[in-house]
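*Asks:* Sharing my_file-v3.cif here; it has mmCIF, C-alpha atoms and all ligand atoms.
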data_protein
loop_
_atom_site.label_atom_id
_atom_site.label_comp_id
_atom_site.auth_asym_id
_atom_site.auth_seq_id
_atom_site.Cartn_x
_atom_site.Cartn_y
_atom_site.Cartn_z
CA MET T 27 8.97 27.97 12.37
CA ARG T 28 12.15 25.92 11.82
CA THR T 29 12.73 22.16 11.79
CA GLN T 30 15.29 19.72 10.43
CA VAL T 31 12.87 17.71 8.24
CA ALA T 32 9.48 18.91 6.97
CA ILE T 33 7.26 15.88 6.21
CA ILE T 34 4.33 16.38 3.86
CA GLY T 35 1.50 13.91 4.57
CA ALA T 36 0.34 12.05 7.70
CA GLY T 37 -0.42 8.73 6.06
CA PRO T 38 1.57 5.65 7.10
CA ALA T 39 4.72 6.83 5.27
CA GLY T 40 4.81 10.31 6.81
CA LEU T 41 3.89 9.13 10.30
CA LEU T 42 6.43 6.28 10.34
CA LEU T 43 9.17 8.57 9.04
CA GLY T 44 8.37 11.08 11.77
CA ARG T 45 8.49 8.33 14.38
CA LEU T 46 11.82 6.90 13.21
CA LEU T 47 13.43 10.37 13.02
CA GLU T 48 12.12 11.25 16.48
CA ARG T 49 13.69 8.10 17.94
CA ALA T 50 16.99 9.18 16.32
CA GLY T 51 16.68 12.62 17.94
CA ILE T 52 15.95 14.38 14.65
CA ASP T 53 13.28 17.09 14.67
CA ALA T 54 10.47 16.84 12.10
CA VAL T 55 7.17 18.62 11.53
CA ILE T 56 4.36 16.83 9.68
CA LEU T 57 1.88 18.81 7.57
CA GLU T 58 -1.37 16.99 6.69
CA ARG T 59 -4.10 18.57 4.63
CA ARG T 60 -6.92 16.48 6.09
CA SER T 61 -8.15 15.97 9.66
CA GLN T 62 -6.95 13.03 11.75
CA ASP T 63 -10.43 11.49 11.56
CA HIS T 64 -10.48 11.77 7.77
CA VAL T 65 -7.11 10.04 7.48
CA LEU T 66 -8.27 7.27 9.84
CA GLY T 67 -11.53 6.92 7.92
CA ARG T 68 -9.81 5.64 4.79
CA ILE T 69 -10.09 1.83 4.42
CA ARG T 70 -7.04 0.61 2.52
CA ALA T 71 -4.40 -2.06 2.92
CA GLY T 72 -4.63 -5.10 5.10
CA VAL T 73 -1.47 -7.22 4.82
CA LEU T 74 1.96 -6.53 6.39
CA GLU T 75 5.15 -8.24 5.24
CA GLN T 76 7.42 -9.63 7.93
CA GLY T 77 9.88 -6.78 7.21
CA SER T 78 7.15 -4.20 7.81
CA VAL T 79 6.26 -5.84 11.12
CA ALA T 80 9.94 -5.62 12.15
CA LEU T 81 10.09 -1.95 11.11
CA LEU T 82 7.00 -1.07 13.17
CA ASP T 83 8.54 -2.92 16.11
CA ARG T 84 11.74 -0.87 15.60
CA ALA T 85 9.57 2.24 15.73
CA GLY T 86 8.14 1.08 19.05
CA VAL T 87 4.55 0.88 17.80
CA GLY T 88 4.11 -2.88 17.40
CA ALA T 89 2.35 -3.85 20.66
CA ARG T 90 -1.27 -3.74 19.40
CA MET T 91 -0.23 -5.21 16.04
CA HIS T 92 1.13 -8.30 17.84
CA ALA T 93 -1.90 -8.44 20.16
CA GLU T 94 -4.58 -8.03 17.47
CA GLY T 95 -2.89 -8.81 14.15
CA LEU T 96 -3.50 -12.21 12.54
CA VAL T 97 -0.34 -14.10 11.53
CA HIS T 98 -0.96 -16.01 8.31
CA GLY T 99 1.23 -18.85 7.05
CA GLY T 100 -0.17 -18.82 3.52
CA ILE T 101 -2.80 -17.78 1.00
CA ALA T 102 -5.11 -19.70 -1.34
CA ILE T 103 -5.59 -19.02 -5.03
CA SER T 104 -8.66 -20.40 -6.74
CA PHE T 105 -8.66 -20.44 -10.53
CA ASP T 106 -11.96 -21.17 -12.29
CA GLY T 107 -13.02 -23.18 -9.23
CA ASP T 108 -9.72 -25.07 -8.67
CA ARG T 109 -8.23 -23.98 -5.36
CA HIS T 110 -4.64 -24.33 -4.11
CA ARG T 111 -3.02 -23.22 -0.84
CA PHE T 112 0.52 -21.81 -0.91
CA ASP T 113 2.24 -22.65 2.38
CA PHE T 114 4.63 -19.74 3.01
CA ARG T 115 6.17 -21.32 6.13
CA ALA T 116 7.07 -24.52 4.22
CA LEU T 117 8.19 -22.67 1.08
CA VAL T 118 10.21 -19.75 2.50
CA GLY T 119 9.92 -19.95 6.30
CA ARG T 120 8.07 -16.63 6.50
CA THR T 121 4.59 -15.34 7.30
CA VAL T 122 2.49 -12.20 6.75
CA THR T 123 0.38 -10.35 9.32
CA VAL T 124 -3.16 -9.18 8.60
CA TYR T 125 -3.50 -5.84 10.40
CA GLY T 126 -5.38 -3.01 8.67
CA GLN T 127 -3.59 0.11 7.46
CA THR T 128 -6.10 2.10 9.51
CA GLU T 129 -4.76 0.44 12.68
CA VAL T 130 -1.12 0.99 11.69
CA THR T 131 -1.96 4.66 11.14
CA ARG T 132 -3.82 4.86 14.45
CA ASP T 133 -0.87 3.37 16.35
CA LEU T 134 1.55 5.82 14.71
CA MET T 135 -0.75 8.80 15.38
CA ARG T 136 -1.12 7.83 19.05
CA ALA T 137 2.65 7.52 19.46
CA ARG T 138 3.20 10.92 17.84
CA ASP T 139 0.46 12.60 19.88
CA ALA T 140 1.97 11.10 23.06
CA SER T 141 5.45 12.39 22.24
CA GLY T 142 4.21 15.93 21.57
CA ALA T 143 6.00 16.03 18.20
CA LYS T 144 4.42 18.66 15.96
CA THR T 145 1.79 17.66 13.40
CA VAL T 146 -0.36 20.28 11.67
CA TYR T 147 -3.65 18.75 10.49
CA GLU T 148 -5.90 20.58 8.02
CA ALA T 149 -2.89 22.45 6.68
CA GLU T 150 -4.04 24.16 3.49
CA ASP T 151 -2.24 25.32 0.33
CA VAL T 152 1.01 23.56 1.14
CA SER T 153 3.78 24.65 -1.24
CA LEU T 154 7.46 23.75 -1.45
CA HIS T 155 10.23 26.27 -2.24
CA ASP T 156 14.02 26.43 -2.85
CA LEU T 157 14.29 22.65 -3.05
CA ASP T 158 17.48 22.89 -5.12
CA GLY T 159 19.23 25.10 -2.57
CA ASP T 160 20.57 24.46 0.97
CA SER T 161 17.60 26.04 2.77
CA PRO T 162 14.28 24.72 1.45
CA LYS T 163 11.04 26.20 2.72
CA VAL T 164 7.49 24.94 3.07
CA ARG T 165 4.59 27.39 3.11
CA PHE T 166 1.02 26.62 4.16
CA VAL T 167 -2.13 28.19 5.56
CA LYS T 168 -3.58 27.20 8.92
CA ASP T 169 -6.68 28.83 10.42
CA GLY T 170 -6.50 31.41 7.65
CA ILE T 171 -2.96 32.49 8.55
CA ALA T 172 -0.07 32.02 6.09
CA ARG T 173 2.89 30.27 7.72
CA GLU T 174 6.37 29.17 6.67
CA ILE T 175 8.72 26.37 7.80
CA ALA T 176 12.47 26.68 7.19
CA CYS T 177 14.09 23.24 7.09
CA ASP T 178 17.07 21.20 5.89
CA PHE T 179 15.07 18.56 4.00
CA VAL T 180 11.52 17.94 2.76
CA ALA T 181 10.05 14.40 2.72
CA GLY T 182 7.22 14.08 0.19
CA CYS T 183 4.94 11.47 1.79
CA ASP T 184 1.75 13.00 0.40
CA GLY T 185 0.53 10.22 -1.85
CA TYR T 186 -0.17 9.99 -5.57
CA HIS T 187 -2.16 13.25 -5.74
CA GLY T 188 0.12 15.20 -3.42
CA VAL T 189 1.99 18.46 -3.96
CA SER T 190 5.52 17.07 -3.54
CA ARG T 191 6.04 15.21 -6.81
CA ALA T 192 4.19 18.04 -8.57
CA SER T 193 6.79 20.48 -7.15
CA VAL T 194 9.64 18.85 -9.08
CA PRO T 195 10.39 20.96 -12.19
CA GLU T 196 9.24 19.63 -15.56
CA GLY T 197 11.90 17.39 -17.10
CA ALA T 198 13.59 16.54 -13.80
CA LEU T 199 11.44 13.40 -13.35
CA ARG T 200 10.82 10.39 -15.57
CA THR T 201 7.49 8.62 -14.96
CA TYR T 202 6.37 5.13 -15.94
CA GLU T 203 2.68 4.20 -15.85
CA ARG T 204 0.20 1.48 -16.74
CA VAL T 205 -3.49 2.13 -16.09
CA TYR T 206 -5.65 -1.00 -15.87
CA PRO T 207 -9.12 -1.13 -17.46
CA PHE T 208 -10.73 -2.06 -14.15
CA GLY T 209 -10.90 -1.20 -10.44
CA TRP T 210 -11.59 -3.00 -7.17
CA LEU T 211 -14.96 -2.60 -5.50
CA GLY T 212 -14.31 -3.30 -1.82
CA ILE T 213 -16.66 -3.74 1.13
CA LEU T 214 -16.15 -4.09 4.86
CA VAL T 215 -18.65 -6.27 6.76
CA ASP T 216 -18.97 -7.34 10.39
CA ARG T 217 -19.24 -11.04 9.65
CA PRO T 218 -16.67 -13.85 10.18
CA PRO T 219 -14.23 -14.31 7.29
CA VAL T 220 -15.01 -17.02 4.76
CA SER T 221 -11.72 -18.77 5.53
CA GLU T 222 -8.80 -18.48 7.95
CA GLU T 223 -6.48 -17.13 5.24
CA LEU T 224 -6.91 -14.90 2.19
CA VAL T 225 -8.44 -16.36 -0.97
CA TYR T 226 -7.55 -14.77 -4.34
CA ALA T 227 -9.95 -15.88 -7.09
CA HIS T 228 -9.76 -15.79 -10.88
CA HIS T 229 -13.02 -16.31 -12.74
CA ALA T 230 -14.23 -15.60 -16.29
CA ARG T 231 -16.53 -12.96 -14.74
CA GLY T 232 -13.58 -11.26 -13.05
CA PHE T 233 -11.24 -11.27 -10.06
CA ALA T 234 -12.37 -11.52 -6.43
CA LEU T 235 -10.54 -11.44 -3.09
CA CYS T 236 -11.66 -12.65 0.33
CA SER T 237 -9.70 -10.91 3.10
CA MET T 238 -10.35 -9.82 6.67
CA ARG T 239 -9.53 -7.38 9.45
CA SER T 240 -10.30 -9.63 12.48
CA PRO T 241 -12.10 -12.93 13.29
CA THR T 242 -15.36 -10.95 13.19
CA ARG T 243 -14.74 -8.39 10.41
CA SER T 244 -14.19 -9.30 6.75
CA ARG T 245 -12.98 -7.39 3.70
CA TYR T 246 -14.07 -8.49 0.21
CA TYR T 247 -13.27 -7.18 -3.28
CA VAL T 248 -14.59 -7.82 -6.78
CA GLN T 249 -13.06 -6.52 -10.01
CA VAL T 250 -15.34 -3.98 -11.72
CA PRO T 251 -14.94 -2.06 -15.01
CA ALA T 252 -13.02 1.24 -14.76
CA GLY T 253 -15.35 4.14 -14.02
CA GLU T 254 -17.90 2.03 -12.09
CA LYS T 255 -19.65 3.75 -9.16
CA PRO T 256 -20.25 2.12 -5.71
CA GLU T 257 -23.91 3.20 -5.82
CA ALA T 258 -24.42 0.82 -8.77
CA TRP T 259 -23.58 -2.05 -6.38
CA PRO T 260 -26.20 -2.56 -3.66
CA ASP T 261 -25.09 -5.23 -1.17
CA ASP T 262 -27.21 -8.01 -2.70
CA ARG T 263 -25.63 -7.47 -6.12
CA PHE T 264 -22.15 -7.52 -4.53
CA TRP T 265 -22.76 -10.78 -2.65
CA ASP T 266 -24.26 -12.51 -5.70
CA GLU T 267 -21.28 -11.53 -7.87
CA LEU T 268 -18.76 -12.52 -5.23
CA ARG T 269 -20.38 -15.96 -4.82
CA ARG T 270 -20.26 -16.56 -8.59
CA ARG T 271 -16.52 -15.89 -8.72
CA LEU T 272 -15.51 -18.13 -5.80
CA ASP T 273 -14.88 -21.88 -5.86
CA PRO T 274 -18.01 -23.76 -4.71
CA GLU T 275 -16.57 -24.74 -1.30
CA THR T 276 -15.62 -21.15 -0.46
CA ALA T 277 -18.89 -19.74 -1.85
CA GLU T 278 -20.81 -22.18 0.36
CA ARG T 279 -19.12 -20.83 3.50
CA LEU T 280 -19.70 -17.15 2.72
CA VAL T 281 -21.48 -15.31 5.59
CA THR T 282 -23.07 -12.15 4.18
CA GLY T 283 -24.37 -9.07 5.98
CA PRO T 284 -24.80 -5.29 5.60
CA SER T 285 -21.67 -3.49 4.35
CA ILE T 286 -20.25 -0.87 6.75
CA GLU T 287 -17.97 0.60 4.06
CA LYS T 288 -18.03 0.39 0.28
CA SER T 289 -15.55 2.03 -2.10
CA ILE T 290 -13.88 1.57 -5.48
CA ALA T 291 -10.10 1.88 -5.99
CA PRO T 292 -8.77 2.40 -9.52
CA LEU T 293 -5.78 0.21 -10.42
CA ARG T 294 -2.55 1.52 -11.84
CA SER T 295 1.17 0.80 -11.85
CA PHE T 296 3.27 3.96 -11.55
CA VAL T 297 6.87 4.88 -10.76
CA ALA T 298 8.55 8.30 -10.70
CA GLU T 299 12.35 8.45 -11.04
CA PRO T 300 14.53 9.61 -9.38
CA LEU T 301 13.09 9.84 -5.86
CA ARG T 302 15.20 12.88 -4.98
CA PHE T 303 15.28 16.45 -6.24
CA GLY T 304 17.79 18.54 -4.30
CA ARG T 305 16.57 18.61 -0.68
CA LEU T 306 13.25 16.86 -1.53
CA PHE T 307 12.87 13.09 -1.14
CA LEU T 308 9.77 11.20 -2.36
CA ALA T 309 8.47 8.14 -0.49
CA GLY T 310 5.42 5.87 -0.59
CA ASP T 311 2.54 6.56 -2.94
CA ALA T 312 4.04 9.97 -3.79
CA ALA T 313 6.78 7.98 -5.54
CA HIS T 314 5.06 4.84 -6.81
CA ILE T 315 1.73 3.03 -7.06
CA VAL T 316 1.10 -0.70 -7.42
CA PRO T 317 -2.18 -2.52 -8.11
CA PRO T 318 -3.23 -3.94 -4.67
CA THR T 319 -3.22 -7.55 -5.99
CA GLY T 320 0.21 -8.25 -4.50
CA ALA T 321 -0.51 -6.41 -1.19
CA LYS T 322 2.63 -4.29 -1.74
CA GLY T 323 1.54 -0.63 -1.60
CA LEU T 324 1.64 -0.07 2.13
CA ASN T 325 4.68 -2.32 2.57
CA LEU T 326 6.68 -0.42 -0.05
CA ALA T 327 5.76 2.88 1.63
CA LEU T 328 6.98 1.63 5.03
CA ASN T 329 10.21 0.29 3.52
CA ASP T 330 10.87 3.56 1.68
CA VAL T 331 10.74 5.60 4.86
CA GLY T 332 12.77 2.99 6.74
CA CYS T 333 15.54 3.61 4.21
CA LEU T 334 15.03 7.40 4.23
CA ALA T 335 15.14 7.53 8.04
CA GLU T 336 18.43 5.57 7.99
CA ALA T 337 19.89 7.95 5.40
CA LEU T 338 18.86 11.11 7.26
CA THR T 339 20.09 9.70 10.57
CA GLU T 340 23.47 8.99 8.93
CA PHE T 341 23.53 12.58 7.62
CA TYR T 342 22.82 14.19 10.98
CA LEU T 343 24.61 11.82 13.35
CA GLU T 344 27.61 10.81 11.23
CA ARG T 345 27.75 13.91 8.98
CA SER T 346 27.77 11.58 5.97
CA ALA T 347 25.72 12.20 2.83
CA ALA T 348 26.33 8.68 1.48
CA GLY T 349 22.89 7.41 2.53
CA ILE T 350 20.89 10.31 1.12
CA ASP T 351 22.92 10.21 -2.09
CA ARG T 352 22.02 6.56 -2.72
CA TYR T 353 18.47 6.62 -1.32
CA SER T 354 16.79 6.79 -4.72
CA ASP T 355 18.76 3.99 -6.42
CA ARG T 356 18.53 1.77 -3.34
CA VAL T 357 14.75 2.12 -2.95
CA LEU T 358 13.94 1.95 -6.67
CA LYS T 359 15.63 -1.44 -7.09
CA ARG T 360 13.15 -2.98 -4.62
CA VAL T 361 10.23 -0.87 -5.87
CA TRP T 362 10.59 -2.20 -9.42
CA LYS T 363 10.67 -5.81 -8.19
CA ALA T 364 7.43 -5.18 -6.29
CA GLU T 365 5.99 -3.46 -9.39
CA ARG T 366 6.81 -6.57 -11.39
CA PHE T 367 5.21 -8.94 -8.89
CA SER T 368 2.08 -6.78 -8.50
CA TRP T 369 1.73 -6.47 -12.28
CA TRP T 370 2.22 -10.24 -12.70
CA MET T 371 -0.36 -11.18 -10.00
CA THR T 372 -2.80 -8.70 -11.60
CA SER T 373 -2.16 -10.08 -15.10
CA VAL T 374 -2.74 -13.70 -14.04
CA LEU T 375 -5.81 -13.20 -11.86
CA HIS T 376 -7.90 -10.52 -13.61
CA THR T 377 -9.95 -10.68 -16.81
CA PHE T 378 -8.89 -8.18 -19.47
CA PRO T 379 -11.32 -7.14 -22.22
CA GLU T 380 -8.60 -7.48 -24.86
CA THR T 381 -7.42 -10.98 -23.79
CA ASP T 382 -8.16 -13.57 -26.49
CA ALA T 383 -8.58 -17.35 -26.12
CA PHE T 384 -4.80 -17.85 -26.31
CA GLY T 385 -4.25 -15.28 -23.55
CA ARG T 386 -6.82 -16.99 -21.32
CA ARG T 387 -5.05 -20.34 -21.75
CA ILE T 388 -1.76 -18.69 -20.85
CA GLN T 389 -3.36 -17.39 -17.62
CA ARG T 390 -4.49 -20.93 -16.81
CA ALA T 391 -1.01 -22.27 -17.61
CA GLU T 392 0.48 -19.71 -15.17
CA PHE T 393 -1.77 -21.11 -12.41
CA ASP T 394 -1.05 -24.74 -13.33
CA TYR T 395 2.70 -24.04 -13.36
CA LEU T 396 2.48 -22.34 -9.94
CA VAL T 397 0.63 -25.32 -8.49
CA GLY T 398 2.86 -27.94 -10.13
CA SER T 399 6.29 -26.39 -9.53
CA GLU T 400 7.86 -25.94 -6.09
CA ALA T 401 10.25 -23.39 -7.61
CA ALA T 402 7.32 -21.34 -8.95
CA SER T 403 5.44 -21.61 -5.66
CA ARG T 404 8.57 -20.53 -3.78
CA SER T 405 8.91 -17.53 -6.06
CA LEU T 406 5.33 -16.48 -5.32
CA ALA T 407 5.90 -17.03 -1.59
CA GLU T 408 9.13 -15.01 -1.42
CA ASN T 409 7.56 -12.10 -3.30
CA TYR T 410 4.28 -12.10 -1.40
CA THR T 411 5.95 -12.26 2.04
CA GLY T 412 8.40 -9.54 0.97
CA LEU T 413 11.78 -9.50 -0.78
CA PRO T 414 14.78 -8.61 1.41
CA LEU T 415 14.83 -4.98 2.55
P1 LIG T 501 -1.21 7.94 1.65
O1 LIG T 501 -1.95 8.34 0.39
O2 LIG T 501 -1.76 6.91 2.52
O3 LIG T 501 -1.01 9.25 2.57
C1 LIG T 501 -0.69 10.50 1.98
C2 LIG T 501 -1.22 11.57 2.91
O4 LIG T 501 -0.82 12.84 2.40
C3 LIG T 501 -2.74 11.57 2.99
O5 LIG T 501 -3.16 11.57 4.33
C4 LIG T 501 -3.13 12.87 2.30
O6 LIG T 501 -4.29 13.47 2.87
C5 LIG T 501 -1.91 13.73 2.51
N1 LIG T 501 -1.75 14.79 1.49
C6 LIG T 501 -2.02 14.69 0.17
N2 LIG T 501 -1.75 15.88 -0.42
C7 LIG T 501 -1.30 16.73 0.55
C8 LIG T 501 -0.88 18.07 0.56
N3 LIG T 501 -0.84 18.80 -0.56
N4 LIG T 501 -0.50 18.63 1.74
C9 LIG T 501 -0.51 17.89 2.89
N5 LIG T 501 -0.91 16.59 2.94
C10 LIG T 501 -1.30 16.03 1.78
N6 LIG T 501 -2.17 -1.12 -0.55
C11 LIG T 501 -2.14 -2.41 -0.19
O7 LIG T 501 -1.05 -2.92 0.12
N7 LIG T 501 -3.28 -3.15 -0.15
C12 LIG T 501 -4.51 -2.60 -0.46
O8 LIG T 501 -5.52 -3.27 -0.42
C13 LIG T 501 -4.60 -1.25 -0.82
N8 LIG T 501 -5.81 -0.66 -1.09
C14 LIG T 501 -5.84 0.67 -1.45
C15 LIG T 501 -7.07 1.33 -1.74
C16 LIG T 501 -7.09 2.68 -2.11
C17 LIG T 501 -8.40 3.37 -2.42
C18 LIG T 501 -5.89 3.39 -2.23
C19 LIG T 501 -5.89 4.84 -2.69
C20 LIG T 501 -4.68 2.75 -1.95
C21 LIG T 501 -4.65 1.40 -1.54
N9 LIG T 501 -3.46 0.74 -1.23
C22 LIG T 501 -3.39 -0.54 -0.86
C23 LIG T 501 -2.24 1.44 -1.26
C24 LIG T 501 -2.17 2.25 0.00
O9 LIG T 501 -2.33 1.42 1.12
C25 LIG T 501 -0.91 3.02 -0.05
O10 LIG T 501 0.17 2.23 -0.48
C26 LIG T 501 -0.56 3.67 1.27
O11 LIG T 501 -1.65 4.44 1.68
C27 LIG T 501 0.70 4.49 1.04
O12 LIG T 501 0.88 5.29 2.14
P2 LIG T 501 1.43 6.79 1.95
O13 LIG T 501 2.56 6.78 1.01
O14 LIG T 501 1.58 7.32 3.32
O15 LIG T 501 0.26 7.57 1.15
C1 LIG T 502 -7.04 -6.16 2.18
O1 LIG T 502 -7.28 -6.89 3.15
O2 LIG T 502 -7.51 -4.99 2.08
C2 LIG T 502 -6.14 -6.66 1.07
C3 LIG T 502 -5.43 -7.83 1.26
C4 LIG T 502 -4.61 -8.30 0.23
C5 LIG T 502 -4.51 -7.58 -0.95
C6 LIG T 502 -5.21 -6.38 -1.12
C7 LIG T 502 -6.03 -5.92 -0.10
O3 LIG T 502 -3.71 -8.03 -1.95
#
Using C-alpha cells, write down the structure from this file.
Ligand code: FAS
Ligand code: PHB
*Replies:*
Amino acid sequence: MRTQVAIIGAGPAGLLLGRLLERAGIDAVILERRSQDHVLGRIRAGVLEQGSVALLDRAGVGARMHAEGLVHGGIAISFDGDRHRFDFRALVGRTVTVYGQTEVTRDLMRARDASGAKTVYEAEDVSLHDLDGDSPKVRFVKDGIAREIACDFVAGCDGYHGVSRASVPEGALRTYERVYPFGWLGILVDRPPVSEELVYAHHARGFALCSMRSPTRSRYYVQVPAGEKPEAWPDDRFWDELRRRLDPETAERLVTGPSIEKSIAPLRSFVAEPLRFGRLFLAGDAAHIVPPTGAKGLNLALNDVGCLAEALTEFYLERSAAGIDRYSDRVLKRVWKAERFSWWMTSVLHTFPETDAFGRRIQRAEFDYLVGSEAASRSLAENYTGLPL
C-alpha cells in the first residue's frame, strides 16, 4: 500500500488532519488500533475555543456543532463559596462552544466514512521505520496479516501512550513533565446542568467542576487523590462531595441522578520537543498533555493539525518545505502558553497536600486579584477562549 501521509491514530487530531488533507487533495491513510465504537466510547473534552470552531467549519464538519453546540459567553469561578462570573464577550469579545469531543470525533468519522478515504481500525502492532530517510514506512497487522504502507510523511496523532513518540531515537527528544498528586473523577448524568455556564470551584476539600453536554446531560468532576479508583465512589458519595465543594447557591440547584459514565483521569503537564523527527511529525496528545483545568487539550490538538495540514499542503501544492521546517517551533510557542495557563488554573483551583497556610492565602489572593482587576480578568478570558492561532 502507498500513500502520501500515513496518520497514526483516529482521535480528533488524526481524523481532522485526514479531513484537512483530503480537502487539499492530499492522500492519507489513518491507522487506529481500536474499533470505531471504542474511540467513540471515550468521554473526554467538552469545550471548543472559537478558533477550533472555525477550523472544524473549514473542514466542512461544523453543521451539527452549530445546531447542537451551546455557545457560552463566560464561566463562573467560585472560591470557598464566593462566586464570580467572567464575561468573555465584554472582556475580549469572544465565546466558547460546549460540544463534546465524542461528537467532534463522530462528525469527523462520518465525513471520512462518507468520502471513502481509507481508515484501518483495529490495526495491531503498528511500527514506524526509516523516519530519517526520504521513504518512511509503517508496518501493522490487520486480520492476522502483516502489511506495510510506503509514504512520504508520518503524522503521529496517537496520543500520550502511542507508538509515534516512542519511535523517536533516544536523545533526539527533550521532554518536560509535571505530574500532579491528584486526578479528576468525572461522571456523566442525564439531568439538567446546575447552571447555564460552567462553574469551576475551589474548596478546602478539593476542586470541582460543573459542566455539561446538552440542556439535559451534565458532566461533573471532583478532584481525587492520585491512584483513586472509580469503584470507591458510588454515586451518593460523589454527589455529597460535589455539593460540599460548591457555593451554597449552586449546591442548592444541583439535580442528581444515576451516573451513565464514571472515570478518573490522571493530571499531568507534558511537552516533547521538537515535534519533528525526519519525516515524522507529532501532534496532539502524542506531543503534549495539559491538565484539563484550562480546557486546552482538545483545542491544542486541533490547532496542531491545522498547522500541520497547512504545512503539508504547502509542501505538496507549492513544493515548498518552509511550512514543515517551521512546524515544530510555530506550534510549540502556542503549546507552551497553553501549558502555562493550564498549570496556572490548576495551581489556583486545586488543593495540594504540600501547600502551607501561606500558599493557601496566595491562592485566595489570585482569585481576589482576578475578580478585582479588569486586566487580570481579561487575561483569563483571552487564554480561556483561546490565544491567536
Ligand atoms: P487521542 O488520545 O484522543 O487519540 C489518539 C488515538 O490514537 C486513540 O484513538 C488511540 O486509540 C490511538 N492509538 C494509540 N496508540 C496507537 C497505536 N500504536 N497505533 C494506532 N493507533 C493508536 N481535554 C480537554 O480539553 N478537556 C477535558 O476535559 C479533557 N478530559 C480528558 C480526559 C481523559 C481521560 C483524557 C485521557 C484526556 C482528556 N482531555 C481533555 C484531553 C483530550 O481531550 C485530548 O487532548 C484529546 O483526546 C487529544 O486528541 P488526540 O491528540 O487525537 O489524542
Ligand atoms: C468537560 O465538559 O468535560 C470539561 C469542561 C471544561 C474543562 C474540562 C472538562 O476545563
*Asks:* Which residues, protein or nucleic acid, reach to within 12 Å of (10.6, 12.7, -15.6) in the file's coordinates when using all atoms listed in the file, and can you give that as number ranges by chain?
*Replies:* T: 191-192, 194-203, 297-303, 313
*Asks:* I want to know what sits within 9 Å of region 399-404 of chain T, based on all atoms listed in the file, with residues of the same chain fewer than 6 positions away left out; could you give that as a list in words?
*Replies:* Phe112, Asp113, Phe114, Leu117 and Val118 of chain T
*Asks:* What does the distance between CA of Gly88 (chain T) and CA of Ser285 (chain T) come to in Å, to one decimal place?
*Replies:* 28.9 Å
*Asks:* Find the residues near Glu267 (chain T): any atom within 12 Å, counting all atoms listed in the file, skip ones fewer than 6 places away on the same chain, and give them as a PyMOL selection string.
*Replies:* chain T and resi 211+229-235+246-250+259-261+277
*Asks:* Residues of the last selection are to be written out with C-alpha atoms, as a compact mmCIF listing (two decimals), in the frame of the given file.
*Replies:*
# COMPACT_ATOMS: atom_id res chain seq x y z
CA LEU T 211 -14.96 -2.60 -5.50
CA HIS T 229 -13.02 -16.31 -12.74
CA ALA T 230 -14.23 -15.60 -16.29
CA ARG T 231 -16.53 -12.96 -14.74
CA GLY T 232 -13.58 -11.26 -13.05
CA PHE T 233 -11.24 -11.27 -10.06
CA ALA T 234 -12.37 -11.52 -6.43
CA LEU T 235 -10.54 -11.44 -3.09
CA TYR T 246 -14.07 -8.49 0.21
CA TYR T 247 -13.27 -7.18 -3.28
CA VAL T 248 -14.59 -7.82 -6.78
CA GLN T 249 -13.06 -6.52 -10.01
CA VAL T 250 -15.34 -3.98 -11.72
CA TRP T 259 -23.58 -2.05 -6.38
CA PRO T 260 -26.20 -2.56 -3.66
CA ASP T 261 -25.09 -5.23 -1.17
CA ALA T 277 -18.89 -19.74 -1.85
*Asks:* Could you check the closest approach to ligand LIG 501 (chain T) for each of T:Gln389, T:Ser244, T:Thr276, T:Gln127 and tell me which residue wins, using all atoms listed in the file?
*Replies:*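 Smallest distance to ligand LIG 501 (chain T) is found for T:Gln127.
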*Asks:* Could you give me, as number ranges by chain, every polymer residue with an atom at most 10 Å away from an atom of ligand LIG 502 (chain T), counting all atoms listed in the file?
*Replies:* T: 69-74, 101, 124-127, 210, 212-214, 224-226, 235-239, 244-247, 317-324, 368, 371-372, 410
*Asks:* Can you tell me, as a PDB file with C-alpha atoms, keeping the file's coordinate frame, what residues are no more than 8 Å from region 205-207 of chain T when counting only C-alpha atoms, ignoring any on the same chain fewer than 5 positions away?
*Replies:*
ATOM      1  CA  PRO T 251     -14.940  -2.060 -15.010  1.00  0.00           C
ATOM      2  CA  ALA T 252     -13.020   1.240 -14.760  1.00  0.00           C
ATOM      3  CA  PRO T 292      -8.770   2.400  -9.520  1.00  0.00           C
ATOM      4  CA  LEU T 293      -5.780   0.210 -10.420  1.00  0.00           C
ATOM      5  CA  ARG T 294      -2.550   1.520 -11.840  1.00  0.00           C
ATOM      6  CA  SER T 295       1.170   0.800 -11.850  1.00  0.00           C
ATOM      7  CA  PHE T 378      -8.890  -8.180 -19.470  1.00  0.00           C
ATOM      8  CA  PRO T 379     -11.320  -7.140 -22.220  1.00  0.00           C
TER       9      PRO T 379
END
*Asks:* Would you name the residues within 6 Å of ligand LIG 501 (chain T), counting all atoms listed in the file, and put them as a CSV table (one decimal) with C-alpha atoms, in the coordinates of the input?
*Replies:*
chain,number,residue,atom,x,y,z
T,34,ILE,CA,4.3,16.4,3.9
T,35,GLY,CA,1.5,13.9,4.6
T,36,ALA,CA,0.3,12.0,7.7
T,37,GLY,CA,-0.4,8.7,6.1
T,38,PRO,CA,1.6,5.6,7.1
T,39,ALA,CA,4.7,6.8,5.3
T,40,GLY,CA,4.8,10.3,6.8
T,57,LEU,CA,1.9,18.8,7.6
T,58,GLU,CA,-1.4,17.0,6.7
T,59,ARG,CA,-4.1,18.6,4.6
T,60,ARG,CA,-6.9,16.5,6.1
T,65,VAL,CA,-7.1,10.0,7.5
T,70,ARG,CA,-7.0,0.6,2.5
T,71,ALA,CA,-4.4,-2.1,2.9
T,72,GLY,CA,-4.6,-5.1,5.1
T,152,VAL,CA,1.0,23.6,1.1
T,183,CYS,CA,4.9,11.5,1.8
T,184,ASP,CA,1.8,13.0,0.4
T,185,GLY,CA,0.5,10.2,-1.8
T,187,HIS,CA,-2.2,13.2,-5.7
T,188,GLY,CA,0.1,15.2,-3.4
T,189,VAL,CA,2.0,18.5,-4.0
T,291,ALA,CA,-10.1,1.9,-6.0
T,310,GLY,CA,5.4,5.9,-0.6
T,311,ASP,CA,2.5,6.6,-2.9
T,312,ALA,CA,4.0,10.0,-3.8
T,318,PRO,CA,-3.2,-3.9,-4.7
T,321,ALA,CA,-0.5,-6.4,-1.2
T,322,LYS,CA,2.6,-4.3,-1.7
T,323,GLY,CA,1.5,-0.6,-1.6
T,324,LEU,CA,1.6,-0.1,2.1
T,327,ALA,CA,5.8,2.9,1.6
